[in-house]
Amino acid sequence: VPKTCRVITAETIAKNLLQEVRETLATIQESGSGEPTLAAFLANGDPHAVKYAEWSKKTCEDNGFKFDLRNVDKELLEEEIMKANEEEGVDGIIVYYPIFPKNPTHDKYVQETVSLSKDVEGMRFQHLHNMYHNIRFLDPPENRKKSILPCTPLACVKILEYLQIYNPILAVGNRLYGKTITVINRSEVNGRPLAALLANDGATVYSVDVTGVQLFTRGQGIKQPRHKVEDKEGWGLEQVLPLSDVIIAGVPVESYKVPTELIREGAVCINFASHRNFDGPAVKEKASIYVPSVGKVTIAILLRNLVRLIANRPAKDAS
Ligand code: NAD
């Protein structure tokens with residue numbers, strides 16, 4: 001009897017994306033230009049960030065990109081980013097957060113220092129605003145420059161495309177119509193943008209965090225051009241998990257586990273936290289598909305965004 005649950009690794013999904021990234025790069029790269037370069041700023045000494053940077057470096061180098069890691073003092077970071085904004089040899093900039101964990105507004109300020117044309121993480125206000133408003137281009141009405149989406153939320157979208165949760169029979173932009181998805185995490189960098197992206201693509205999304213549940217949808221018959229948000233007073237996982245075709249968890253707590261008994265039979269379960277939010281053996285008895293981590297897909301998206309930034313630049317005058 002074949003196993004009922006398929007475990008799909010991030011590596012498998014990332015491989016396909018990296019192939020696409022290399023092909024796109026080959027079509028847009030001007031002859032004689034060197035390897036595209038990602039400047040990565042490490043200013044917090046966080047061991048998780050160091051690990052993530054090491055992985056990113058390896059993936060960059062394996063795929064024809066240069067990863068330029070810059071260890072800087074947090075008090076000099078703003079100046080260093082401003083310099084990198086001007087450097088011709090730098091195509092994209094990533095900064096590892098948090099830098100000022102006691103003051104998230106300060107991190108937000110640093111994020112805004114990165115030039116829009118080098119914001120590989122999609123964290124500048126303009127990029128986020130476009131995402132929340134379901135505006136896919138930076139230059140309407142020409143629509144030649146695609147807006148950049150944040151890496152982990154976009155990685156989750158690409159995973160759902162790979163798993164064929166996105167239905168290609170439907171029009172682009174509506175391909176999650178009819179799907180119910182729970183996202184456990186509503187941080188500004190991961191869970192909230194993810195809920196918005198999925199709802200903008202037509203899903204009914206329950207966004208869960210420590211403060212409660214919110215419903216993100218494009219309204220009855222997905223007639224609205226972008227999602228709206230509604231508080232679901234008194235709701236919790238008990239209400240939303242049994243309704244969900246897909247459950248995406250990103251709770252940064254070692255002991256946290258999504259209650260397996262509430263998961264619908266045959267649901268798709270995806271974990272993006274660095275901790276295992278699902279009880280592995282038990283979830284395999286309940287889910288149809290289980291994706292235990294997404295980190296490698298996130299790095300593939302980072303390179304995809306970098307290629308997109310290069311494609312968005314005005315072509316150099318050939319004369
Ligand atoms: P965060 O601390 O900013 O946000 C955590 C969110 O989880 C908040 O919305 C919080 O309310 C919610 N939460 C916490 N406990 C909860 C509970 N018991 N029930 C419901 N909600 C709960 O964290 P973050 O920056 O969003 O990162 C989340 C996780 O994702 C971390 O483990 C991080 O390492 C990981 N991460 C992974 C990738 C990747 O590519 N795989 C990328 C970025 C972050």
# chains A, B, ... in the order shown; residues from 1 in each chain; ligands from 1

$ residues_around --residues "stretch 36-51 of chain A" --least-positions-apart "6" --cutoff "8 Å" --atoms "only C-alpha atoms" --output "VMD selection string"
chain A and resid 64 to 74 77 84 89 to 99 306

$ residues_near_ligand --ligand "ligand 1" --cutoff "6 Å" --atoms "only C-alpha atoms and all ligand atoms" --output "PyMOL selection string"
chain A and resi 152+184-187+189-190+208-210+250-252+272-275+294-295+298

$ atom_distance --atom1 "atom CA of A:Pro150" --atom2 "atom CA of A:Glu121"
5.2 Å

$ select_by_dssp --residues "stretch 56-124 of chain A" --states "helix (DSSP H, G or I)" --output "JSON, numbers by chain"
{"A": [56, 57, 58, 59, 60, 61, 62, 77, 78, 79, 80, 81, 82, 83, 84, 85, 86, 104, 105, 106, 107, 108, 109, 110, 111, 112, 113, 116, 117, 118]}

$ write_last_selection --atoms "N, CA, C and O atoms" --output "short mmCIF file (atom, residue, chain, number, x, y, z; two decimals), in the first residue's frame"
data_model
loop_
_atom_site.label_atom_id
_atom_site.label_comp_id
_atom_site.auth_asym_id
_atom_site.auth_seq_id
_atom_site.Cartn_x
_atom_site.Cartn_y
_atom_site.Cartn_z
N SER A 56 23.01 30.86 2.13
CA SER A 56 22.75 31.76 1.01
C SER A 56 23.99 31.87 0.13
O SER A 56 23.90 31.87 -1.10
N LYS A 57 25.16 31.97 0.79
CA LYS A 57 26.42 32.09 0.05
C LYS A 57 26.63 30.88 -0.86
O LYS A 57 26.94 31.01 -2.03
N LYS A 58 26.41 29.71 -0.28
CA LYS A 58 26.61 28.47 -1.04
C LYS A 58 25.65 28.43 -2.24
O LYS A 58 26.07 28.14 -3.37
N THR A 59 24.38 28.74 -1.99
CA THR A 59 23.39 28.69 -3.08
C THR A 59 23.74 29.72 -4.15
O THR A 59 23.64 29.45 -5.35
N CYS A 60 24.17 30.91 -3.72
CA CYS A 60 24.59 31.95 -4.68
C CYS A 60 25.70 31.41 -5.56
O CYS A 60 25.61 31.46 -6.80
N GLU A 61 26.74 30.90 -4.93
CA GLU A 61 27.93 30.49 -5.69
C GLU A 61 27.64 29.30 -6.60
O GLU A 61 28.15 29.22 -7.71
N ASP A 62 26.77 28.40 -6.15
CA ASP A 62 26.41 27.24 -6.99
C ASP A 62 25.62 27.65 -8.22
O ASP A 62 25.47 26.86 -9.15
N LEU A 77 25.89 50.88 10.20
CA LEU A 77 25.13 50.17 9.17
C LEU A 77 24.46 51.09 8.16
O LEU A 77 24.54 50.87 6.94
N GLU A 78 23.84 52.15 8.65
CA GLU A 78 23.11 53.04 7.74
C GLU A 78 24.05 53.60 6.67
O GLU A 78 23.74 53.58 5.48
N GLU A 79 25.25 54.08 7.11
CA GLU A 79 26.23 54.64 6.17
C GLU A 79 26.68 53.58 5.16
O GLU A 79 26.82 53.85 3.97
N GLU A 80 26.89 52.37 5.67
CA GLU A 80 27.38 51.29 4.80
C GLU A 80 26.33 50.91 3.76
O GLU A 80 26.66 50.61 2.62
N ILE A 81 25.07 50.91 4.16
CA ILE A 81 24.00 50.62 3.19
C ILE A 81 23.95 51.73 2.13
O ILE A 81 23.83 51.46 0.93
N MET A 82 24.08 52.97 2.59
CA MET A 82 24.04 54.09 1.64
C MET A 82 25.17 53.97 0.61
O MET A 82 24.97 54.26 -0.57
N LYS A 83 26.33 53.52 1.08
CA LYS A 83 27.46 53.33 0.14
C LYS A 83 27.10 52.25 -0.87
O LYS A 83 27.31 52.41 -2.08
N ALA A 84 26.56 51.13 -0.37
CA ALA A 84 26.22 50.01 -1.26
C ALA A 84 25.12 50.41 -2.27
O ALA A 84 25.11 49.92 -3.40
N ASN A 85 24.23 51.31 -1.85
CA ASN A 85 23.19 51.81 -2.77
C ASN A 85 23.83 52.43 -4.01
O ASN A 85 23.28 52.36 -5.10
N GLU A 86 25.00 53.07 -3.81
CA GLU A 86 25.67 53.79 -4.91
C GLU A 86 26.62 52.90 -5.70
O GLU A 86 27.02 53.26 -6.79
N PRO A 104 11.82 47.92 17.22
CA PRO A 104 11.50 47.51 15.85
C PRO A 104 11.36 48.69 14.89
O PRO A 104 11.62 48.55 13.69
N THR A 105 10.98 49.86 15.40
CA THR A 105 10.86 51.03 14.53
C THR A 105 12.22 51.41 13.95
O THR A 105 12.32 51.87 12.82
N HIS A 106 13.27 51.19 14.74
CA HIS A 106 14.61 51.49 14.25
C HIS A 106 14.97 50.53 13.09
O HIS A 106 15.53 50.95 12.08
N ASP A 107 14.61 49.25 13.22
CA ASP A 107 14.84 48.30 12.13
C ASP A 107 14.09 48.74 10.88
O ASP A 107 14.60 48.65 9.76
N LYS A 108 12.87 49.18 11.09
CA LYS A 108 12.03 49.65 9.96
C LYS A 108 12.74 50.82 9.26
O LYS A 108 12.77 50.89 8.03
N TYR A 109 13.33 51.72 10.06
CA TYR A 109 14.07 52.86 9.49
C TYR A 109 15.24 52.37 8.64
O TYR A 109 15.45 52.85 7.52
N VAL A 110 15.97 51.38 9.16
CA VAL A 110 17.11 50.84 8.42
C VAL A 110 16.62 50.22 7.10
O VAL A 110 17.22 50.43 6.03
N GLN A 111 15.50 49.51 7.16
CA GLN A 111 14.93 48.89 5.95
C GLN A 111 14.68 49.93 4.86
O GLN A 111 14.90 49.67 3.68
N GLU A 112 14.22 51.09 5.27
CA GLU A 112 13.90 52.14 4.30
C GLU A 112 15.16 52.78 3.71
O GLU A 112 15.08 53.53 2.74
N THR A 113 16.32 52.50 4.30
CA THR A 113 17.58 53.05 3.80
C THR A 113 18.02 52.36 2.50
O THR A 113 18.71 52.94 1.67
N LEU A 116 15.28 51.41 -3.40
CA LEU A 116 14.16 50.61 -3.93
C LEU A 116 14.65 49.66 -5.03
O LEU A 116 14.21 48.51 -5.11
N SER A 117 15.59 50.14 -5.82
CA SER A 117 16.06 49.32 -6.95
C SER A 117 17.02 48.21 -6.51
O SER A 117 17.43 47.39 -7.32
N LYS A 118 17.38 48.19 -5.20
CA LYS A 118 18.25 47.11 -4.70
C LYS A 118 17.59 46.32 -3.57
O LYS A 118 18.21 45.48 -2.93
#

$ select_by_dssp --residues "stretch 82-267 of chain A" --states "strand (DSSP E)" --output "ChimeraX atom specification"
/A:92-95,180-184,204-209,212-217,228-232,246-249

$ decode --residues "stretch 198-272 of chain A" --atoms "C-alpha atoms" --output "compact mmCIF listing (two decimals), in the first residue's frame"
# COMPACT_ATOMS: atom_id res chain seq x y z
CA LEU A 198 -2.99 34.28 -0.56
CA ALA A 199 -6.24 36.22 -0.11
CA ASN A 200 -5.35 38.48 -3.05
CA ASP A 201 -5.03 35.30 -5.13
CA GLY A 202 -8.58 34.31 -4.15
CA ALA A 203 -8.21 32.15 -1.03
CA THR A 204 -10.20 32.36 2.19
CA VAL A 205 -7.41 32.89 4.72
CA TYR A 206 -7.55 32.57 8.49
CA SER A 207 -4.63 34.42 10.03
CA VAL A 208 -3.88 33.26 13.56
CA ASP A 209 -1.56 34.80 16.14
CA VAL A 210 -1.40 35.17 19.92
CA THR A 211 -3.99 37.96 19.80
CA GLY A 212 -6.61 35.95 17.89
CA VAL A 213 -7.96 35.13 14.44
CA GLN A 214 -8.53 37.40 11.44
CA LEU A 215 -10.19 36.51 8.16
CA PHE A 216 -8.57 37.79 4.92
CA THR A 217 -10.70 37.49 1.74
CA ARG A 218 -11.63 39.33 -1.45
CA GLY A 219 -15.25 39.14 -0.33
CA GLN A 220 -18.23 37.26 -1.69
CA GLY A 221 -17.37 35.72 -5.07
CA ILE A 222 -13.87 37.30 -4.83
CA LYS A 223 -15.33 40.42 -6.44
CA GLN A 224 -13.05 42.87 -4.60
CA PRO A 225 -9.77 43.81 -6.32
CA ARG A 226 -7.83 43.27 -3.11
CA HIS A 227 -8.30 41.53 0.23
CA LYS A 228 -10.09 42.97 3.23
CA VAL A 229 -9.63 41.92 6.85
CA GLU A 230 -12.21 41.01 9.46
CA ASP A 231 -11.67 40.15 13.15
CA LYS A 232 -13.12 36.80 14.18
CA GLU A 233 -13.88 37.44 17.83
CA GLY A 234 -13.75 34.33 19.99
CA TRP A 235 -12.37 32.14 17.19
CA GLY A 236 -9.32 29.92 17.56
CA LEU A 237 -7.61 26.92 15.98
CA GLU A 238 -10.63 24.78 17.01
CA GLN A 239 -12.77 26.70 14.54
CA VAL A 240 -10.34 27.25 11.66
CA LEU A 241 -8.17 24.13 11.36
CA PRO A 242 -11.02 21.69 10.61
CA LEU A 243 -12.06 24.02 7.73
CA SER A 244 -8.59 24.34 6.22
CA ASP A 245 -7.31 22.70 3.04
CA VAL A 246 -3.86 24.08 3.80
CA ILE A 247 -2.18 24.92 7.12
CA ILE A 248 0.98 27.04 7.12
CA ALA A 249 2.72 27.42 10.49
CA GLY A 250 5.56 29.75 11.51
CA VAL A 251 5.61 29.90 15.30
CA PRO A 252 9.12 30.58 16.62
CA VAL A 253 8.70 28.49 19.77
CA GLU A 254 10.39 25.11 20.30
CA SER A 255 7.52 23.57 22.25
CA TYR A 256 4.76 24.79 19.92
CA LYS A 257 2.88 22.08 18.01
CA VAL A 258 -0.18 22.47 15.77
CA PRO A 259 -2.79 20.19 17.39
CA THR A 260 -2.89 17.19 15.04
CA GLU A 261 -6.41 16.19 16.07
CA LEU A 262 -7.80 19.45 14.63
CA ILE A 263 -6.15 18.99 11.22
CA ARG A 264 -8.59 17.95 8.49
CA GLU A 265 -7.95 14.54 6.90
CA GLY A 266 -5.94 15.08 3.71
CA ALA A 267 -4.91 18.66 4.49
CA VAL A 268 -1.62 20.10 3.21
CA CYS A 269 0.74 21.10 6.07
CA ILE A 270 3.68 23.49 5.62
CA ASN A 271 6.11 24.62 8.31
CA PHE A 272 8.21 27.77 7.81
